[in-house]
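For reference, structure.cif is printed below; it contains mmCIF, C-alpha atoms, pLDDT in the B column; chains and numbers go by the auth columns.
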```cif
data_structure
loop_
_atom_site.group_PDB
_atom_site.id
_atom_site.type_symbol
_atom_site.label_atom_id
_atom_site.label_comp_id
_atom_site.label_asym_id
_atom_site.label_seq_id
_atom_site.Cartn_x
_atom_site.Cartn_y
_atom_site.Cartn_z
_atom_site.B_iso_or_equiv
_atom_site.auth_seq_id
_atom_site.auth_asym_id
ATOM 1 C CA MET A 1 -17.499 62.800 27.036 59.00 141 B
ATOM 2 C CA ALA A 2 -19.944 60.161 28.319 62.00 142 B
ATOM 3 C CA VAL A 3 -20.934 60.336 31.962 59.00 143 B
ATOM 4 C CA ASN A 4 -20.827 56.915 33.569 61.00 144 B
ATOM 5 C CA TYR A 5 -22.487 57.773 36.880 64.00 145 B
ATOM 6 C CA GLY A 6 -25.687 59.326 38.163 60.00 146 B
ATOM 7 C CA SER A 7 -28.872 59.691 36.118 63.00 147 B
ATOM 8 C CA LYS A 8 -26.981 59.969 32.820 63.00 148 B
ATOM 9 C CA ARG A 9 -25.174 56.687 33.250 58.00 149 B
ATOM 10 C CA VAL A 10 -24.540 54.818 29.991 57.00 150 B
ATOM 11 C CA VAL A 11 -26.048 51.361 30.238 55.00 151 B
ATOM 12 C CA VAL A 12 -24.872 48.686 27.814 59.00 152 B
ATOM 13 C CA GLY A 13 -25.385 44.941 27.461 59.00 153 B
ATOM 14 C CA ALA A 14 -28.315 42.778 28.405 58.00 154 B
ATOM 15 C CA HIS A 15 -27.416 42.393 32.095 64.00 155 B
ATOM 16 C CA TYR A 16 -28.171 38.695 32.449 64.00 156 B
ATOM 17 C CA GLY A 17 -25.550 38.566 35.205 80.00 157 B
ATOM 18 C CA LEU A 18 -26.296 36.093 37.948 86.00 158 B
ATOM 19 C CA ARG A 19 -28.634 33.918 35.873 89.00 159 B
ATOM 20 C CA ASP A 20 -26.019 33.296 33.168 89.00 160 B
ATOM 21 C CA TRP A 21 -23.186 32.922 35.670 90.00 161 B
ATOM 22 C CA LEU A 22 -25.209 30.284 37.514 93.00 162 B
ATOM 23 C CA ALA A 23 -26.262 28.581 34.264 92.00 163 B
ATOM 24 C CA GLN A 24 -22.623 28.290 33.204 93.00 164 B
ATOM 25 C CA ARG A 25 -21.700 26.670 36.525 95.00 165 B
ATOM 26 C CA VAL A 26 -24.668 24.279 36.563 96.00 166 B
ATOM 27 C CA THR A 27 -24.103 23.166 32.970 97.00 167 B
ATOM 28 C CA ALA A 28 -20.373 22.750 33.634 97.00 168 B
ATOM 29 C CA VAL A 29 -21.093 20.532 36.663 97.00 169 B
ATOM 30 C CA LEU A 30 -23.551 18.466 34.613 97.00 170 B
ATOM 31 C CA MET A 31 -20.939 17.996 31.856 97.00 171 B
ATOM 32 C CA ALA A 32 -18.299 17.038 34.428 98.00 172 B
ATOM 33 C CA LEU A 33 -20.605 14.470 36.066 97.00 173 B
ATOM 34 C CA PHE A 34 -21.426 13.001 32.658 97.00 174 B
ATOM 35 C CA THR A 35 -17.702 12.700 31.937 97.00 175 B
ATOM 36 C CA VAL A 36 -17.219 10.790 35.204 97.00 176 B
ATOM 37 C CA VAL A 37 -20.139 8.433 34.385 95.00 177 B
ATOM 38 C CA LEU A 38 -18.801 7.832 30.876 95.00 178 B
ATOM 39 C CA LEU A 39 -15.239 7.249 32.081 95.00 179 B
ATOM 40 C CA ALA A 40 -16.489 4.820 34.716 94.00 180 B
ATOM 41 C CA GLN A 41 -18.355 2.830 32.085 92.00 181 B
ATOM 42 C CA VAL A 42 -15.305 2.751 29.810 91.00 182 B
ATOM 43 C CA LEU A 43 -12.825 1.882 32.555 92.00 183 B
ATOM 44 C CA LEU A 44 -15.033 -0.789 34.119 91.00 184 B
ATOM 45 C CA SER A 45 -15.736 -2.540 30.824 86.00 185 B
ATOM 46 C CA LYS A 46 -13.838 -5.710 30.088 88.00 186 B
ATOM 47 C CA GLY A 47 -11.962 -6.367 26.872 86.00 187 B
ATOM 48 C CA PRO A 48 -10.844 -4.009 24.142 89.00 188 B
ATOM 49 C CA ILE A 49 -12.778 -0.805 23.556 88.00 189 B
ATOM 50 C CA GLY A 50 -14.195 -0.917 20.061 91.00 190 B
ATOM 51 C CA TYR A 51 -17.325 0.087 18.229 92.00 191 B
ATOM 52 C CA ASP A 52 -19.385 -2.635 19.923 90.00 192 B
ATOM 53 C CA LYS A 53 -18.444 -1.395 23.413 91.00 193 B
ATOM 54 C CA TRP A 54 -19.206 2.230 22.527 90.00 194 B
ATOM 55 C CA ALA A 55 -22.507 1.244 20.923 90.00 195 B
ATOM 56 C CA GLY A 56 -23.330 -0.817 24.019 90.00 196 B
ATOM 57 C CA ILE A 57 -22.648 2.105 26.349 91.00 197 B
ATOM 58 C CA PHE A 58 -25.051 4.348 24.434 91.00 198 B
ATOM 59 C CA SER A 59 -27.683 1.690 23.640 91.00 199 B
ATOM 60 C CA THR A 60 -29.791 2.093 26.791 92.00 200 B
ATOM 61 C CA GLN A 61 -32.500 4.736 26.841 93.00 201 B
ATOM 62 C CA TRP A 62 -31.294 6.274 30.110 93.00 202 B
ATOM 63 C CA MET A 63 -27.828 6.837 28.616 94.00 203 B
ATOM 64 C CA LYS A 64 -29.318 8.307 25.437 93.00 204 B
ATOM 65 C CA PHE A 65 -31.452 10.657 27.540 94.00 205 B
ATOM 66 C CA LEU A 66 -28.532 11.602 29.780 95.00 206 B
ATOM 67 C CA THR A 67 -26.303 12.201 26.757 96.00 207 B
ATOM 68 C CA PHE A 68 -28.939 14.366 25.100 95.00 208 B
ATOM 69 C CA ALA A 69 -29.495 16.334 28.332 96.00 209 B
ATOM 70 C CA VAL A 70 -25.744 16.965 28.524 97.00 210 B
ATOM 71 C CA ILE A 71 -25.662 18.000 24.849 97.00 211 B
ATOM 72 C CA ILE A 72 -28.469 20.513 25.479 96.00 212 B
ATOM 73 C CA ALA A 73 -26.628 21.768 28.582 97.00 213 B
ATOM 74 C CA MET A 74 -23.440 22.097 26.537 97.00 214 B
ATOM 75 C CA LEU A 75 -25.256 23.986 23.766 97.00 215 B
ATOM 76 C CA TYR A 76 -26.703 26.430 26.317 96.00 216 B
ATOM 77 C CA HIS A 77 -23.255 26.746 27.925 96.00 217 B
ATOM 78 C CA VAL A 78 -21.783 27.541 24.510 96.00 218 B
ATOM 79 C CA TRP A 79 -24.576 29.995 23.697 96.00 219 B
ATOM 80 C CA VAL A 80 -24.009 32.006 26.883 94.00 220 B
ATOM 81 C CA GLY A 81 -20.265 32.192 26.246 94.00 221 B
ATOM 82 C CA VAL A 82 -20.481 33.005 22.542 96.00 222 B
ATOM 83 C CA ARG A 83 -23.244 35.557 23.063 94.00 223 B
ATOM 84 C CA ASP A 84 -21.116 37.332 25.652 91.00 224 B
ATOM 85 C CA ILE A 85 -18.152 37.351 23.268 95.00 225 B
ATOM 86 C CA TRP A 86 -20.291 38.859 20.486 95.00 226 B
ATOM 87 C CA MET A 87 -21.743 41.461 22.881 93.00 227 B
ATOM 88 C CA ASP A 88 -18.342 42.409 24.304 92.00 228 B
ATOM 89 C CA TYR A 89 -16.204 42.533 21.174 96.00 229 B
ATOM 90 C CA ILE A 90 -18.433 43.123 18.128 94.00 230 B
ATOM 91 C CA LYS A 91 -19.586 46.720 18.236 93.00 231 B
ATOM 92 C CA PRO A 92 -21.538 47.154 14.938 95.00 232 B
ATOM 93 C CA VAL A 93 -25.069 46.031 15.786 94.00 233 B
ATOM 94 C CA SER A 94 -25.791 44.494 12.371 95.00 234 B
ATOM 95 C CA ILE A 95 -22.685 42.295 12.464 97.00 235 B
ATOM 96 C CA ARG A 96 -23.302 41.315 16.094 96.00 236 B
ATOM 97 C CA LEU A 97 -26.941 40.404 15.356 96.00 237 B
ATOM 98 C CA SER A 98 -25.899 38.401 12.285 97.00 238 B
ATOM 99 C CA LEU A 99 -23.331 36.468 14.318 97.00 239 B
ATOM 100 C CA GLN A 100 -25.861 35.808 17.072 97.00 240 B
ATOM 101 C CA VAL A 101 -28.457 34.530 14.589 97.00 241 B
ATOM 102 C CA PHE A 102 -25.835 32.346 12.903 98.00 242 B
ATOM 103 C CA SER A 103 -24.788 30.985 16.299 98.00 243 B
ATOM 104 C CA ILE A 104 -28.380 30.132 17.245 97.00 244 B
ATOM 105 C CA VAL A 105 -29.037 28.418 13.913 98.00 245 B
ATOM 106 C CA TRP A 106 -25.783 26.478 14.202 98.00 246 B
ATOM 107 C CA LEU A 107 -26.524 25.347 17.778 97.00 247 B
ATOM 108 C CA VAL A 108 -30.098 24.296 16.928 97.00 248 B
ATOM 109 C CA GLY A 109 -28.688 22.335 13.994 97.00 249 B
ATOM 110 C CA CYS A 110 -26.231 20.638 16.345 96.00 250 B
ATOM 111 C CA ALA A 111 -29.119 19.669 18.642 95.00 251 B
ATOM 112 C CA GLY A 112 -31.003 18.183 15.687 96.00 252 B
ATOM 113 C CA TRP A 113 -27.925 16.260 14.622 96.00 253 B
ATOM 114 C CA ALA A 114 -27.512 14.925 18.171 94.00 254 B
ATOM 115 C CA ILE A 115 -31.102 13.617 18.081 94.00 255 B
ATOM 116 C CA GLN A 116 -30.394 11.889 14.776 95.00 256 B
ATOM 117 C CA VAL A 117 -27.196 10.311 16.079 92.00 257 B
ATOM 118 C CA LEU A 118 -28.615 9.148 19.414 91.00 258 B
ATOM 119 C CA TRP A 119 -31.932 7.799 18.136 89.00 259 B
ATOM 120 C CA ARG A 120 -30.891 6.925 14.552 86.00 260 B
ATOM 121 C CA LEU A 121 -33.621 9.011 12.923 63.00 261 B
#
```
Would you mind giving the structure from this file in structure tokens?
Amino acid sequence: MAVNYGSKRVVVGAHYGLRDWLAQRVTAVLMALFTVVLLAQVLLSKGPIGYDKWAGIFSTQWMKFLTFAVIIAMLYHVWVGVRDIWMDYIKPVSIRLSLQVFSIVWLVGCAGWAIQVLWRL
């Protein structure tokens, strides 16, 4: 039987705690503010919303930068959540590590794709 108190306490997990909790809240607020800015631009635009309107909204450099900053915030938000899921529910270390590496590669690929989409590279 494992002792979970005193000097023989079993310590598990990475204990990111407050930093990750705060990061999740900050990134969520940033995503919410971006949603408000985007909705305001859509609702305040005149005429039908088509490709030209959407392209116009994202044509300015400040909007491209803001969108990319929100995408990076969202990717970090996702990473914190997915990493915690892998750490909590996947017990075999090799499978958990493989899933974490796959998640990182996938998220970095998504960031690269976002750069291509926003700046037409």
What does the distance between atom CA of Gly221 of chain B and atom CA of Gln164 of chain B come to in Å, to one decimal place?
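Answer for the atom CA of Gly221 of chain B to atom CA of Gln164 of chain B separation: 8.3 Å.
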Go through B:Ile230, B:Leu179, B:Ile255, B:Met214 one by one, measure the shortest atom-to-atom distance of each to Arg165 of chain B using only C-alpha atoms, and give the residue with the smallest value.
B:Met214
From the set B:Gly196, B:Pro188, B:Pro232, B:Gly252, which residue has the shortest atom-to-atom contact distance to Phe208 of chain B, counting all atoms listed in the file?
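Among B:Gly196, B:Pro188, B:Pro232, B:Gly252, it is B:Gly252 that comes nearest to Phe208 of chain B.
Each of B:Ile197, B:Val245, B:Leu206, B:Ala168 was checked against Gln181 of chain B using all atoms listed in the file; the smallest atom-to-atom distance is that of B:Ile197.
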Taking all atoms of segment 237-254 of chain B that the file lists, what box with edges along x, y and z, padded by 8 Å per side, do you get, with centre and edge lengths in Å to one decimal, as AutoDock Vina command-line options?
```
--center_x -27.2 --center_y 27.7 --center_z 15.5 --size_x 23.7 --size_y 41.5 --size_z 22.4
```
As a check of understanding, name the residues that the PyMOL selection byres ((chain B and resi 173-178) around 12) selects in the supplied structure, as an MDAnalysis selection string.
chainID B and resid 166:172 179:185 193:194 196:198 203:211 213:214
Deliver the residues from the most recent selection as a file, using C-alpha atoms, as a compact mmCIF listing (two decimals), keeping the file's coordinate frame.
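The file below, selection-v8.txt, is the result:
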```txt
# COMPACT_ATOMS: atom_id res chain seq x y z
CA VAL B 166 -24.67 24.28 36.56
CA THR B 167 -24.10 23.17 32.97
CA ALA B 168 -20.37 22.75 33.63
CA VAL B 169 -21.09 20.53 36.66
CA LEU B 170 -23.55 18.47 34.61
CA MET B 171 -20.94 18.00 31.86
CA ALA B 172 -18.30 17.04 34.43
CA LEU B 179 -15.24 7.25 32.08
CA ALA B 180 -16.49 4.82 34.72
CA GLN B 181 -18.36 2.83 32.08
CA VAL B 182 -15.30 2.75 29.81
CA LEU B 183 -12.82 1.88 32.56
CA LEU B 184 -15.03 -0.79 34.12
CA SER B 185 -15.74 -2.54 30.82
CA LYS B 193 -18.44 -1.40 23.41
CA TRP B 194 -19.21 2.23 22.53
CA GLY B 196 -23.33 -0.82 24.02
CA ILE B 197 -22.65 2.10 26.35
CA PHE B 198 -25.05 4.35 24.43
CA MET B 203 -27.83 6.84 28.62
CA LYS B 204 -29.32 8.31 25.44
CA PHE B 205 -31.45 10.66 27.54
CA LEU B 206 -28.53 11.60 29.78
CA THR B 207 -26.30 12.20 26.76
CA PHE B 208 -28.94 14.37 25.10
CA ALA B 209 -29.50 16.33 28.33
CA VAL B 210 -25.74 16.96 28.52
CA ILE B 211 -25.66 18.00 24.85
CA ALA B 213 -26.63 21.77 28.58
CA MET B 214 -23.44 22.10 26.54
```
Quick one: pull the distance between atom CA of Arg159 of chain B and atom CA of Arg223 of chain B, Å, one decimal.
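Straight-line distance from atom CA of Arg159 of chain B to atom CA of Arg223 of chain B works out to 14.0 Å.
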For atom CA of Ser243 of chain B and atom CA of Trp219 of chain B, determine how far apart the two atoms are, in Å to one decimal place.
7.5 Å
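Counting all atoms listed in the file, the residue from B:Tyr229, B:Trp259, B:Trp253, B:Tyr216 that sits nearest to Trp161 of chain B is B:Tyr216.
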Find the residue from B:Arg260, B:Tyr191, B:Gly157, B:Leu247 that sits nearest to Asp224 of chain B; use only C-alpha atoms when measuring.
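With only C-alpha atoms as the atom set, the closest residue is B:Gly157.
Using only C-alpha atoms, the nearest neighbour of Arg236 of chain B within the list B:Ala254, B:Leu162, B:Ile212, B:Val222 is B:Val222.
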Mind rebuilding segment 198-233 of chain B with N, CA and C atoms and writing that out as an mmCIF file, keeping the file's coordinate frame?
```cif
data_model
loop_
_atom_site.group_PDB
_atom_site.id
_atom_site.type_symbol
_atom_site.label_atom_id
_atom_site.label_comp_id
_atom_site.auth_asym_id
_atom_site.auth_seq_id
_atom_site.Cartn_x
_atom_site.Cartn_y
_atom_site.Cartn_z
ATOM 1 N N PHE B 198 -24.007 3.384 24.793
ATOM 2 C CA PHE B 198 -25.051 4.348 24.434
ATOM 3 C C PHE B 198 -26.344 3.693 23.958
ATOM 4 N N SER B 199 -26.494 2.375 24.147
ATOM 5 C CA SER B 199 -27.683 1.690 23.640
ATOM 6 C C SER B 199 -28.885 1.815 24.574
ATOM 7 N N THR B 200 -28.661 2.009 25.859
ATOM 8 C CA THR B 200 -29.791 2.093 26.791
ATOM 9 C C THR B 200 -30.449 3.473 26.708
ATOM 10 N N GLN B 201 -31.754 3.473 26.946
ATOM 11 C CA GLN B 201 -32.500 4.736 26.841
ATOM 12 C C GLN B 201 -32.052 5.759 27.877
ATOM 13 N N TRP B 202 -31.714 5.311 29.084
ATOM 14 C CA TRP B 202 -31.294 6.274 30.110
ATOM 15 C C TRP B 202 -29.995 6.961 29.698
ATOM 16 N N MET B 203 -29.087 6.223 29.049
ATOM 17 C CA MET B 203 -27.828 6.837 28.616
ATOM 18 C C MET B 203 -28.064 7.781 27.441
ATOM 19 N N LYS B 204 -28.979 7.405 26.547
ATOM 20 C CA LYS B 204 -29.318 8.307 25.437
ATOM 21 C C LYS B 204 -29.916 9.601 25.982
ATOM 22 N N PHE B 205 -30.826 9.472 26.945
ATOM 23 C CA PHE B 205 -31.452 10.657 27.540
ATOM 24 C C PHE B 205 -30.419 11.518 28.264
ATOM 25 N N LEU B 206 -29.565 10.868 29.059
ATOM 26 C CA LEU B 206 -28.532 11.602 29.780
ATOM 27 C C LEU B 206 -27.582 12.306 28.811
ATOM 28 N N THR B 207 -27.190 11.602 27.761
ATOM 29 C CA THR B 207 -26.303 12.201 26.757
ATOM 30 C C THR B 207 -26.969 13.397 26.099
ATOM 31 N N PHE B 208 -28.244 13.251 25.738
ATOM 32 C CA PHE B 208 -28.939 14.366 25.100
ATOM 33 C C PHE B 208 -29.101 15.541 26.068
ATOM 34 N N ALA B 209 -29.388 15.253 27.335
ATOM 35 C CA ALA B 209 -29.495 16.334 28.332
ATOM 36 C C ALA B 209 -28.166 17.071 28.461
ATOM 37 N N VAL B 210 -27.066 16.336 28.438
ATOM 38 C CA VAL B 210 -25.744 16.965 28.524
ATOM 39 C C VAL B 210 -25.451 17.762 27.255
ATOM 40 N N ILE B 211 -25.860 17.253 26.100
ATOM 41 C CA ILE B 211 -25.662 18.000 24.849
ATOM 42 C C ILE B 211 -26.440 19.312 24.893
ATOM 43 N N ILE B 212 -27.678 19.275 25.366
ATOM 44 C CA ILE B 212 -28.469 20.513 25.479
ATOM 45 C C ILE B 212 -27.806 21.459 26.474
ATOM 46 N N ALA B 213 -27.321 20.933 27.597
ATOM 47 C CA ALA B 213 -26.628 21.768 28.582
ATOM 48 C C ALA B 213 -25.378 22.386 27.954
ATOM 49 N N MET B 214 -24.644 21.584 27.180
ATOM 50 C CA MET B 214 -23.440 22.097 26.537
ATOM 51 C C MET B 214 -23.777 23.179 25.513
ATOM 52 N N LEU B 215 -24.859 22.978 24.751
ATOM 53 C CA LEU B 215 -25.256 23.986 23.766
ATOM 54 C C LEU B 215 -25.651 25.293 24.452
ATOM 55 N N TYR B 216 -26.356 25.207 25.585
ATOM 56 C CA TYR B 216 -26.703 26.430 26.317
ATOM 57 C C TYR B 216 -25.440 27.084 26.885
ATOM 58 N N HIS B 217 -24.532 26.258 27.401
ATOM 59 C CA HIS B 217 -23.255 26.746 27.925
ATOM 60 C C HIS B 217 -22.497 27.495 26.833
ATOM 61 N N VAL B 218 -22.454 26.905 25.652
ATOM 62 C CA VAL B 218 -21.783 27.541 24.510
ATOM 63 C C VAL B 218 -22.495 28.828 24.127
ATOM 64 N N TRP B 219 -23.830 28.805 24.092
ATOM 65 C CA TRP B 219 -24.576 29.995 23.697
ATOM 66 C C TRP B 219 -24.281 31.173 24.634
ATOM 67 N N VAL B 220 -24.282 30.935 25.928
ATOM 68 C CA VAL B 220 -24.009 32.006 26.883
ATOM 69 C C VAL B 220 -22.621 32.586 26.644
ATOM 70 N N GLY B 221 -21.637 31.718 26.462
ATOM 71 C CA GLY B 221 -20.265 32.192 26.246
ATOM 72 C C GLY B 221 -20.095 32.935 24.939
ATOM 73 N N VAL B 222 -20.631 32.373 23.855
ATOM 74 C CA VAL B 222 -20.481 33.005 22.542
ATOM 75 C C VAL B 222 -21.259 34.315 22.482
ATOM 76 N N ARG B 223 -22.460 34.317 23.053
ATOM 77 C CA ARG B 223 -23.244 35.557 23.063
ATOM 78 C C ARG B 223 -22.497 36.674 23.794
ATOM 79 N N ASP B 224 -21.880 36.333 24.910
ATOM 80 C CA ASP B 224 -21.116 37.332 25.652
ATOM 81 C C ASP B 224 -19.918 37.829 24.848
ATOM 82 N N ILE B 225 -19.269 36.927 24.125
ATOM 83 C CA ILE B 225 -18.152 37.351 23.268
ATOM 84 C C ILE B 225 -18.650 38.303 22.201
ATOM 85 N N TRP B 226 -19.758 37.958 21.522
ATOM 86 C CA TRP B 226 -20.291 38.859 20.486
ATOM 87 C C TRP B 226 -20.676 40.212 21.096
ATOM 88 N N MET B 227 -21.311 40.195 22.274
ATOM 89 C CA MET B 227 -21.743 41.461 22.881
ATOM 90 C C MET B 227 -20.559 42.305 23.328
ATOM 91 N N ASP B 228 -19.491 41.661 23.786
ATOM 92 C CA ASP B 228 -18.342 42.409 24.304
ATOM 93 C C ASP B 228 -17.428 42.948 23.208
ATOM 94 N N TYR B 229 -17.258 42.187 22.125
ATOM 95 C CA TYR B 229 -16.204 42.533 21.174
ATOM 96 C C TYR B 229 -16.676 42.963 19.792
ATOM 97 N N ILE B 230 -17.929 42.717 19.445
ATOM 98 C CA ILE B 230 -18.433 43.123 18.128
ATOM 99 C C ILE B 230 -19.345 44.332 18.327
ATOM 100 N N LYS B 231 -18.842 45.492 17.958
ATOM 101 C CA LYS B 231 -19.586 46.720 18.236
ATOM 102 C C LYS B 231 -20.665 47.045 17.201
ATOM 103 N N PRO B 232 -20.448 46.854 15.881
ATOM 104 C CA PRO B 232 -21.538 47.154 14.938
ATOM 105 C C PRO B 232 -22.724 46.212 15.175
ATOM 106 N N VAL B 233 -23.888 46.804 15.404
ATOM 107 C CA VAL B 233 -25.069 46.031 15.786
ATOM 108 C C VAL B 233 -25.454 45.022 14.708
#
```
